[in-house]
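Below: final_35.cif (mmCIF, C-alpha atoms)
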```
data_run
#
loop_
_atom_site.label_atom_id
_atom_site.label_comp_id
_atom_site.auth_asym_id
_atom_site.auth_seq_id
_atom_site.Cartn_x
_atom_site.Cartn_y
_atom_site.Cartn_z
CA MET A 1 287.29 165.56 207.51
CA LEU A 2 288.37 168.25 209.98
CA HIS A 3 287.35 171.85 209.41
CA GLU A 4 289.40 174.48 211.24
CA MET A 5 287.42 177.61 211.90
CA LYS A 6 288.71 181.18 212.16
CA PHE A 7 286.79 184.39 212.75
CA SER A 8 286.63 186.93 209.96
CA GLY A 9 284.71 189.83 208.45
CA TYR A 10 283.67 191.85 211.50
CA SER A 11 285.03 195.26 210.54
CA ALA A 12 287.69 196.80 208.34
CA TRP A 13 289.08 198.59 211.40
CA VAL A 14 289.39 195.45 213.54
CA GLU A 15 292.34 193.05 213.70
CA ASP A 16 291.24 190.96 216.66
CA VAL A 17 288.07 190.17 218.62
CA THR A 18 287.27 188.71 222.03
CA ILE A 19 285.29 185.54 222.68
CA ALA A 20 282.73 186.84 225.16
CA LYS A 21 280.98 183.50 225.62
CA TRP A 22 280.88 180.06 224.08
CA LEU A 23 277.28 178.90 223.63
CA VAL A 24 278.31 175.27 223.07
CA GLU A 25 280.54 172.90 225.00
CA ASP A 26 283.58 170.96 223.91
CA ARG A 27 282.60 167.80 221.98
CA ASP A 28 279.03 168.99 221.32
CA TYR A 29 277.46 167.99 218.03
CA ILE A 30 276.60 171.20 216.13
CA VAL A 31 274.97 172.01 212.80
CA LYS A 32 275.98 174.53 210.15
CA GLY A 33 274.46 177.94 210.89
CA GLN A 34 273.98 177.20 214.62
CA ILE A 35 274.97 180.09 216.92
CA ILE A 36 278.02 178.87 218.81
CA ALA A 37 279.54 181.99 220.41
CA GLU A 38 279.09 185.63 221.35
CA ILE A 39 281.91 187.81 220.06
CA LEU A 40 282.91 191.20 221.48
CA VAL A 41 284.25 193.60 218.89
CA VAL A 42 285.96 196.85 219.94
CA TRP A 43 287.19 199.47 217.49
CA GLU A 44 288.12 203.15 217.28
CA GLU A 45 286.25 205.50 215.00
CA ASN A 46 286.61 209.29 214.86
CA ASP A 47 288.70 209.21 218.06
CA GLU A 48 285.91 207.33 219.82
CA ILE A 49 286.08 203.78 221.23
CA LEU A 50 283.09 201.76 220.07
CA SER A 51 282.06 198.19 220.87
CA ASN A 52 279.40 195.69 219.94
CA THR A 53 278.58 192.04 220.56
CA TYR A 54 277.88 189.74 217.63
CA GLU A 55 276.68 186.16 217.27
CA GLN A 56 279.06 183.73 215.59
CA THR A 57 277.58 180.80 213.69
CA ALA A 58 279.10 177.42 212.85
CA GLU A 59 280.57 177.06 209.39
CA GLU A 60 280.05 173.27 209.19
CA THR A 61 278.17 170.39 210.81
CA GLY A 62 279.89 167.91 213.14
CA VAL A 63 281.52 167.57 216.57
CA ILE A 64 283.19 170.75 217.79
CA LYS A 65 286.52 171.02 219.59
CA LEU A 66 287.09 174.40 221.26
CA LYS A 67 290.61 175.78 220.87
CA ALA A 68 290.26 179.27 222.36
CA ALA A 69 289.05 180.12 225.85
CA GLU A 70 286.28 182.52 226.82
CA GLY A 71 287.69 186.01 227.36
CA SER A 72 290.64 185.46 225.04
CA ALA A 73 291.46 187.73 222.12
CA VAL A 74 291.87 186.04 218.73
CA ARG A 75 293.26 187.47 215.51
CA LEU A 76 290.87 187.60 212.60
CA ASP A 77 291.64 185.28 209.68
CA CYS A 78 294.62 183.93 211.62
CA ASP A 79 293.89 182.12 214.91
CA VAL A 80 292.00 178.83 214.84
CA VAL A 81 289.22 179.15 217.44
CA CYS A 82 287.69 175.70 217.03
CA SER A 83 287.74 172.63 214.84
CA ILE A 84 284.71 170.71 213.58
CA ASP A 85 284.95 166.99 212.86
CA MET A 86 282.64 166.75 209.85
CA SER A 87 282.96 162.95 209.71
CA ALA A 88 281.44 162.44 213.18
CA GLU A 89 277.95 160.97 213.26
CA LYS A 90 275.17 162.68 215.14
CA PRO A 91 274.80 160.92 218.51
CA SER A 92 271.49 159.32 219.35
CA TYR A 93 270.07 160.68 222.60
CA LYS A 94 267.35 159.15 224.67
CA PRO A 95 264.68 161.63 225.76
CA LEU A 96 264.70 162.69 229.42
CA LYS A 97 261.94 162.32 231.98
CA TYR A 98 259.94 165.34 233.11
CA PHE A 99 257.42 165.39 235.94
CA LEU A 100 254.45 167.74 236.35
CA PRO A 101 255.17 168.82 239.97
CA GLU A 102 258.56 170.22 238.89
CA ILE A 103 257.32 172.31 235.94
CA SER A 104 256.89 175.88 237.15
CA PRO A 105 253.66 177.64 236.09
CA TYR A 106 255.84 180.69 235.44
CA ARG A 107 258.03 178.68 233.04
CA PRO A 108 255.69 176.04 231.60
CA ILE A 109 256.98 173.49 229.11
CA LYS A 110 255.50 174.12 225.66
CA ALA A 111 256.38 170.87 223.93
CA LYS A 112 255.97 170.13 220.23
CA CYS A 113 255.96 166.39 219.66
CA PRO A 114 258.68 165.38 217.15
CA CYS A 115 256.51 162.51 215.95
CA CYS A 116 253.09 164.07 215.34
CA ASP A 117 253.71 167.86 215.74
CA THR A 118 251.07 168.13 218.49
CA GLU A 119 251.81 171.06 220.81
CA THR A 120 251.05 170.61 224.51
CA ILE A 121 251.63 172.98 227.43
CA TYR A 122 252.60 171.37 230.74
CA SER A 123 252.84 173.07 234.15
CA SER A 124 252.52 171.94 237.75
CA HIS A 125 249.45 173.99 238.64
CA MET A 126 247.46 177.16 238.14
CA ARG A 127 246.18 179.60 240.75
CA ILE A 128 242.70 181.08 240.66
CA ASN A 129 241.97 184.02 242.96
CA THR A 130 238.42 184.49 244.23
CA SER A 131 236.91 186.81 246.81
CA GLU A 132 236.93 183.93 249.28
CA ARG A 133 240.41 182.45 248.81
CA ASN A 134 243.12 181.35 246.39
CA HIS A 135 242.48 178.06 244.62
CA TYR A 136 245.47 175.96 243.55
CA LEU A 137 244.52 173.53 240.78
CA PHE A 138 247.22 170.92 240.30
CA THR A 139 247.73 169.27 236.92
CA TYR A 140 247.39 165.53 236.38
CA GLN A 141 247.77 163.42 233.25
CA CYS A 142 245.74 160.34 232.32
CA GLN A 143 248.22 157.48 232.16
CA SER A 144 246.27 155.83 229.34
CA CYS A 145 245.21 158.51 226.85
CA GLY A 146 247.36 161.44 228.02
CA LYS A 147 244.53 163.90 228.70
CA LEU A 148 245.39 166.66 231.21
CA GLU A 149 243.09 167.35 234.17
CA SER A 150 243.20 169.86 237.05
CA SER A 151 242.18 169.28 240.67
CA GLU A 152 242.66 170.91 244.06
CA GLU A 153 241.98 167.72 246.00
CA ALA A 154 244.35 167.10 248.90
CA HIS A 155 245.17 163.74 250.48
CA PRO A 156 245.05 163.08 254.25
CA ASN A 157 248.11 160.81 254.20
CA GLY A 158 250.56 162.88 252.19
CA ILE A 159 250.96 164.79 248.92
CA ARG A 160 248.32 163.78 246.40
CA VAL A 161 249.74 162.39 243.15
CA GLY A 162 246.72 160.44 241.86
CA LEU A 163 242.99 161.10 241.58
CA GLU A 164 240.10 158.83 242.48
CA LYS A 165 238.23 160.28 239.52
CA ARG A 166 238.92 158.33 236.34
CA CYS A 167 239.35 159.67 232.82
CA VAL A 168 236.53 159.05 230.31
CA CYS A 169 238.82 156.44 228.74
CA GLY A 170 239.05 154.62 232.09
CA GLY A 171 242.65 155.61 232.75
CA GLN A 172 244.02 156.99 236.00
CA TYR A 173 245.09 160.62 236.43
CA ARG A 174 248.54 160.92 238.01
CA ARG A 175 251.19 163.62 238.38
CA ASP A 176 254.18 161.55 239.51
CA LYS A 177 254.84 159.91 236.14
CA ASN A 178 256.84 161.05 233.11
CA ILE A 179 254.80 163.34 230.84
CA PHE A 180 254.00 162.13 227.31
CA CYS A 181 252.28 163.30 224.12
CA PRO A 182 248.48 163.00 224.50
CA ASP A 183 248.07 162.45 220.75
CA CYS A 184 250.57 159.83 219.56
CA LYS A 185 251.76 158.76 223.07
CA TYR A 186 255.42 159.61 222.31
CA ARG A 187 257.50 159.31 225.55
CA ARG A 188 254.91 157.01 227.17
CA THR A 189 256.49 153.93 228.79
CA ALA A 190 255.38 150.85 230.70
CA LYS A 191 255.73 152.89 233.92
CA ASN A 192 252.92 155.22 232.83
CA LYS A 193 250.26 153.15 234.52
CA ALA A 194 247.65 153.19 237.28
CA GLU A 195 248.66 152.51 240.88
CA ASP A 196 246.64 151.90 244.04
CA ARG A 197 248.58 154.45 246.09
CA LEU A 198 247.38 157.99 245.44
CA TYR A 199 249.79 159.95 247.63
CA ALA A 200 253.55 160.45 248.01
CA THR A 201 255.84 161.38 250.88
CA ILE A 202 258.02 164.50 250.98
CA GLU A 203 261.06 162.26 250.36
CA GLU A 204 259.43 160.73 247.28
CA MET A 205 258.67 164.18 245.89
CA GLU A 206 262.29 165.19 246.48
CA SER A 207 263.32 162.15 244.45
CA LEU A 208 261.14 163.37 241.57
CA LYS A 209 262.91 166.73 241.73
CA LYS A 210 266.31 165.05 241.35
CA ARG A 211 265.13 162.87 238.45
CA HIS A 212 263.36 165.70 236.61
CA GLY A 213 265.28 166.47 233.42
CA ASN A 214 268.20 164.23 234.49
CA GLU A 215 266.97 160.66 234.01
CA GLU A 216 266.71 159.03 230.61
CA ILE A 217 263.55 157.25 229.47
CA GLU A 218 264.14 153.52 229.38
#
```

Target encoding structure tokens, full file:
Amino acid sequence: MLHEMKFSGYSAWVEDVTIAKWLVEDRDYIVKGQIIAEILVVWEENDEILSNTYEQTAEETGVIKLKAAEGSAVRLDCDVVCSIDMSAEKPSYKPLKYFLPEISPYRPIKAKCPCCDTETIYSSHMRINTSERNHYLFTYQCQSCGKLESSEEAHPNGIRVGLEKRCVCGGQYRRDKNIFCPDCKYRRTAKNKAEDRLYATIEEMESLKKRHGNEEIE
């Protein structure tokens, strides 16, 4: 079933509004009540021009087809701005890979596991300032149990991505593998394992940057 959506109910003095920004893309799967657009409303009151921006929510759940462009004016209760295919099934997405070196400490990932509700905060490193110098403690994750560990150890042959020190469970701490839930192990794959090589080249770290948030978990 196709639902055609029009804008309505912004003000008694308004006949049309402007789509300031779409917050979804064409063919996205949306849910009823989700904010899908920012709407600019301009009206005249007491010989004064007033304006405000409102959030527009989806009226139904399904796959959206945009029919009006950003910046265009649409007539209230008249112009169809988008259609929603209510018969479309929600697509199944594979989770993406994320790597500790690419998670900024200023924008850490606070992840709530969809399987066990465990909340974990991931970031590449933290900086500790002392009277002597700045200490950069880089974050590693045990590839067996998922425990997070910090270390400022460098490596003479390249960029350190693994620690000699082992976790209490016997697992290896690494920072070049996809992060996973330390409680239920959600997102952990066969590639989350120990390796003999404990350092990476600049080119290998650049490869991690390209894969971060772009590569699906197998």

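Neighbours of segment 134-138 of chain A closer than or equal to 9 Å, with all atoms listed in the file counted and sequence neighbours fewer than 2 positions away skipped, come out as Leu100, Pro101, Ser123, Ser124, His125, Met126, Arg127, Ile128, Asn129, Thr130, Ser131, Glu132, Tyr140, Glu149, Ser150, Ser151, Glu152, Glu153 and Arg175 of chain A.
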
When you look at Asp28 of chain A with a cut-off of 10 Å (counting all atoms listed in the file), what residues show up, excluding the ones that are within fewer than 5 positions of it in the same chain? I need them as a CSV table (one decimal) with C-alpha atoms, in the frame of the given file.
```
chain,number,residue,atom,x,y,z
A,62,GLY,CA,279.9,167.9,213.1
A,63,VAL,CA,281.5,167.6,216.6
A,64,ILE,CA,283.2,170.8,217.8
A,65,LYS,CA,286.5,171.0,219.6
A,66,LEU,CA,287.1,174.4,221.3
A,84,ILE,CA,284.7,170.7,213.6
A,90,LYS,CA,275.2,162.7,215.1
A,91,PRO,CA,274.8,160.9,218.5
```

Exercise for the section: Check which residues satisfy the PyMOL selection byres ((chain A and resi 206-211) around 12) in the file shown, then give them as number ranges by chain. Expected result: A: 96-104, 159, 161, 175-178, 200-205, 212-217

Exercise for the section: Taking the file above as input, evaluate the PyMOL selection byres ((chain A and resi 183) around 10) and report the hits as a PyMOL selection string. Expected result: chain A and resi 113+115-120+145-147+180-182+184-186

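Across the structure, atom CA of Glu60 of chain A and atom CA of Gln34 of chain A are spaced 9.0 Å apart.
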
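What the PyMOL selection byres ((chain A and resi 72) around 9) grabs from this file is A:Val17, A:Thr18, A:Ile19, A:Ala20, A:Ala68, A:Ala69, A:Glu70, A:Gly71, A:Ala73, A:Val74.
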
Output C-alpha atoms for every residue in that selection, as a PDB file, in the coordinates of the input.
```pdb
ATOM      1  CA  VAL A  17     288.070 190.170 218.620  1.00  0.00           C
ATOM      2  CA  THR A  18     287.270 188.710 222.030  1.00  0.00           C
ATOM      3  CA  ILE A  19     285.290 185.540 222.680  1.00  0.00           C
ATOM      4  CA  ALA A  20     282.730 186.840 225.160  1.00  0.00           C
ATOM      5  CA  ALA A  68     290.260 179.270 222.360  1.00  0.00           C
ATOM      6  CA  ALA A  69     289.050 180.120 225.850  1.00  0.00           C
ATOM      7  CA  GLU A  70     286.280 182.520 226.820  1.00  0.00           C
ATOM      8  CA  GLY A  71     287.690 186.010 227.360  1.00  0.00           C
ATOM      9  CA  ALA A  73     291.460 187.730 222.120  1.00  0.00           C
ATOM     10  CA  VAL A  74     291.870 186.040 218.730  1.00  0.00           C
TER      11      VAL A  74
END
```

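Computed from the coordinates, the atom CA of Leu198 of chain A to atom CA of Arg160 of chain A distance equals 5.9 Å.
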
Handout entry: Nearest residue to Lys94 of chain A from the set A:Gln56, A:Pro108, A:Lys165, A:Glu218 (distances using all atoms listed in the file)
Key = A:Glu218

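Picture a line from atom CA of Glu48 of chain A to atom CA of Asp77 of chain A; it runs 24.9 Å.
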
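Closest approach to Thr61 of chain A among A:Ser92, A:Asp79, A:Lys110, A:Leu2: A:Leu2, based on all atoms listed in the file.
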
Could you please give me, as a compact mmCIF listing (two decimals) with C-alpha atoms, in the frame of the given file, the residues of protein, DNA or RNA lying at most 10 Å from (240.7, 158.4, 234.5) in the coordinate frame of the file, considering all atoms listed in the file?
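Saved to out.txt:
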```
# COMPACT_ATOMS: atom_id res chain seq x y z
CA TYR A 140 247.39 165.53 236.38
CA GLN A 141 247.77 163.42 233.25
CA CYS A 142 245.74 160.34 232.32
CA GLN A 143 248.22 157.48 232.16
CA SER A 144 246.27 155.83 229.34
CA CYS A 145 245.21 158.51 226.85
CA GLY A 146 247.36 161.44 228.02
CA LYS A 147 244.53 163.90 228.70
CA GLU A 149 243.09 167.35 234.17
CA GLY A 162 246.72 160.44 241.86
CA LEU A 163 242.99 161.10 241.58
CA GLU A 164 240.10 158.83 242.48
CA LYS A 165 238.23 160.28 239.52
CA ARG A 166 238.92 158.33 236.34
CA CYS A 167 239.35 159.67 232.82
CA VAL A 168 236.53 159.05 230.31
CA CYS A 169 238.82 156.44 228.74
CA GLY A 170 239.05 154.62 232.09
CA GLY A 171 242.65 155.61 232.75
CA GLN A 172 244.02 156.99 236.00
CA TYR A 173 245.09 160.62 236.43
CA ARG A 174 248.54 160.92 238.01
CA ALA A 194 247.65 153.19 237.28
```

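The shortest atom-to-atom distance to Tyr54 of chain A, with only C-alpha atoms taken into account, belongs to A:Tyr10 out of A:Leu76, A:Tyr10, A:Tyr93, A:Tyr106.
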
Practice task
Would you list the contacts of Thr53 of chain A as a ChimeraX atom specification, taking every protein, DNA or RNA residue within 9 Å and counting only C-alpha atoms, but skipping same-chain residues closer than 4 positions in sequence?
Solution key: /A:20,38-42

Need the axis-aligned box for segment 82-88 of chain A with 3 Å each side, so what are the centre and edges in Å to one decimal, as lines of an AutoDock Vina configuration file?
```
center_x = 284.6
center_y = 169.1
center_z = 213.4
size_x = 12.3
size_y = 19.3
size_z = 13.3
```

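Nearest to Ser83 of chain A of all the residues A:Ala190, A:Ala154, A:Met1, A:Ile109 is A:Met1, counting all atoms listed in the file.
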
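The protein and nucleic acid residues lying at most 9 Å from Thr57 of chain A are Lys32, Gly33, Gln34, Ile35, Ile36 and Ala37 of chain A, with all atoms listed in the file considered and sequence neighbours fewer than 4 positions away removed.
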
Any chance you could model N, CA and C atoms for segment 44-74 of chain A and send them as a compact mmCIF listing (two decimals), keeping the file's coordinate frame?
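Ended up saving to selection23.txt:
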```txt
# COMPACT_ATOMS: atom_id res chain seq x y z
N GLU A 44 288.04 201.70 217.12
CA GLU A 44 288.12 203.15 217.28
C GLU A 44 287.65 203.81 216.00
N GLU A 45 286.78 204.79 216.16
CA GLU A 45 286.25 205.50 215.00
C GLU A 45 286.06 206.96 215.37
N ASN A 46 286.69 207.84 214.60
CA ASN A 46 286.61 209.29 214.86
C ASN A 46 287.01 209.62 216.29
N ASP A 47 288.15 209.01 216.71
CA ASP A 47 288.70 209.21 218.06
C ASP A 47 287.75 208.75 219.17
N GLU A 48 286.84 207.86 218.83
CA GLU A 48 285.91 207.33 219.82
C GLU A 48 286.01 205.80 219.85
N ILE A 49 286.02 205.23 221.07
CA ILE A 49 286.08 203.78 221.23
C ILE A 49 284.66 203.23 221.19
N LEU A 50 284.41 202.35 220.23
CA LEU A 50 283.09 201.76 220.07
C LEU A 50 283.18 200.24 220.28
N SER A 51 282.07 199.64 220.68
CA SER A 51 282.06 198.19 220.87
C SER A 51 280.67 197.64 220.54
N ASN A 52 280.66 196.37 220.21
CA ASN A 52 279.40 195.69 219.94
C ASN A 52 279.60 194.19 220.12
N THR A 53 278.52 193.49 220.41
CA THR A 53 278.58 192.04 220.56
C THR A 53 277.82 191.39 219.40
N TYR A 54 278.46 190.42 218.78
CA TYR A 54 277.88 189.74 217.63
C TYR A 54 277.73 188.25 217.92
N GLU A 55 276.83 187.62 217.18
CA GLU A 55 276.68 186.16 217.27
C GLU A 55 277.49 185.50 216.17
N GLN A 56 278.25 184.49 216.56
CA GLN A 56 279.06 183.73 215.59
C GLN A 56 278.40 182.39 215.32
N THR A 57 278.22 182.07 214.05
CA THR A 57 277.58 180.80 213.69
C THR A 57 278.61 179.77 213.23
N ALA A 58 278.22 178.53 213.28
CA ALA A 58 279.10 177.42 212.85
C ALA A 58 279.18 177.38 211.33
N GLU A 59 280.37 177.11 210.84
CA GLU A 59 280.57 177.06 209.39
C GLU A 59 280.27 175.68 208.81
N GLU A 60 280.30 174.64 209.66
CA GLU A 60 280.05 173.27 209.19
C GLU A 60 279.28 172.50 210.24
N THR A 61 278.88 171.28 209.91
CA THR A 61 278.17 170.39 210.81
C THR A 61 279.10 169.28 211.29
N GLY A 62 279.06 168.98 212.59
CA GLY A 62 279.89 167.91 213.14
C GLY A 62 280.13 168.10 214.62
N VAL A 63 281.17 167.47 215.15
CA VAL A 63 281.52 167.57 216.57
C VAL A 63 282.58 168.65 216.73
N ILE A 64 282.31 169.60 217.63
CA ILE A 64 283.19 170.75 217.79
C ILE A 64 284.24 170.52 218.86
N LYS A 65 285.43 171.02 218.61
CA LYS A 65 286.52 171.02 219.59
C LYS A 65 286.95 172.46 219.79
N LEU A 66 286.75 173.00 220.98
CA LEU A 66 287.09 174.40 221.26
C LEU A 66 288.60 174.55 221.44
N LYS A 67 289.16 175.57 220.80
CA LYS A 67 290.61 175.78 220.87
C LYS A 67 290.99 177.14 221.43
N ALA A 68 290.00 177.96 221.76
CA ALA A 68 290.26 179.27 222.36
C ALA A 68 289.31 179.44 223.54
N ALA A 69 289.83 179.99 224.62
CA ALA A 69 289.05 180.12 225.85
C ALA A 69 288.18 181.37 225.84
N GLU A 70 287.11 181.32 226.63
CA GLU A 70 286.28 182.52 226.82
C GLU A 70 287.14 183.64 227.39
N GLY A 71 286.94 184.87 226.89
CA GLY A 71 287.69 186.01 227.36
C GLY A 71 288.99 186.24 226.62
N SER A 72 289.37 185.30 225.77
CA SER A 72 290.64 185.46 225.04
C SER A 72 290.44 186.24 223.76
N ALA A 73 291.48 186.98 223.37
CA ALA A 73 291.46 187.73 222.12
C ALA A 73 292.04 186.84 221.02
N VAL A 74 291.40 186.85 219.87
CA VAL A 74 291.87 186.04 218.73
C VAL A 74 292.00 186.94 217.51
```
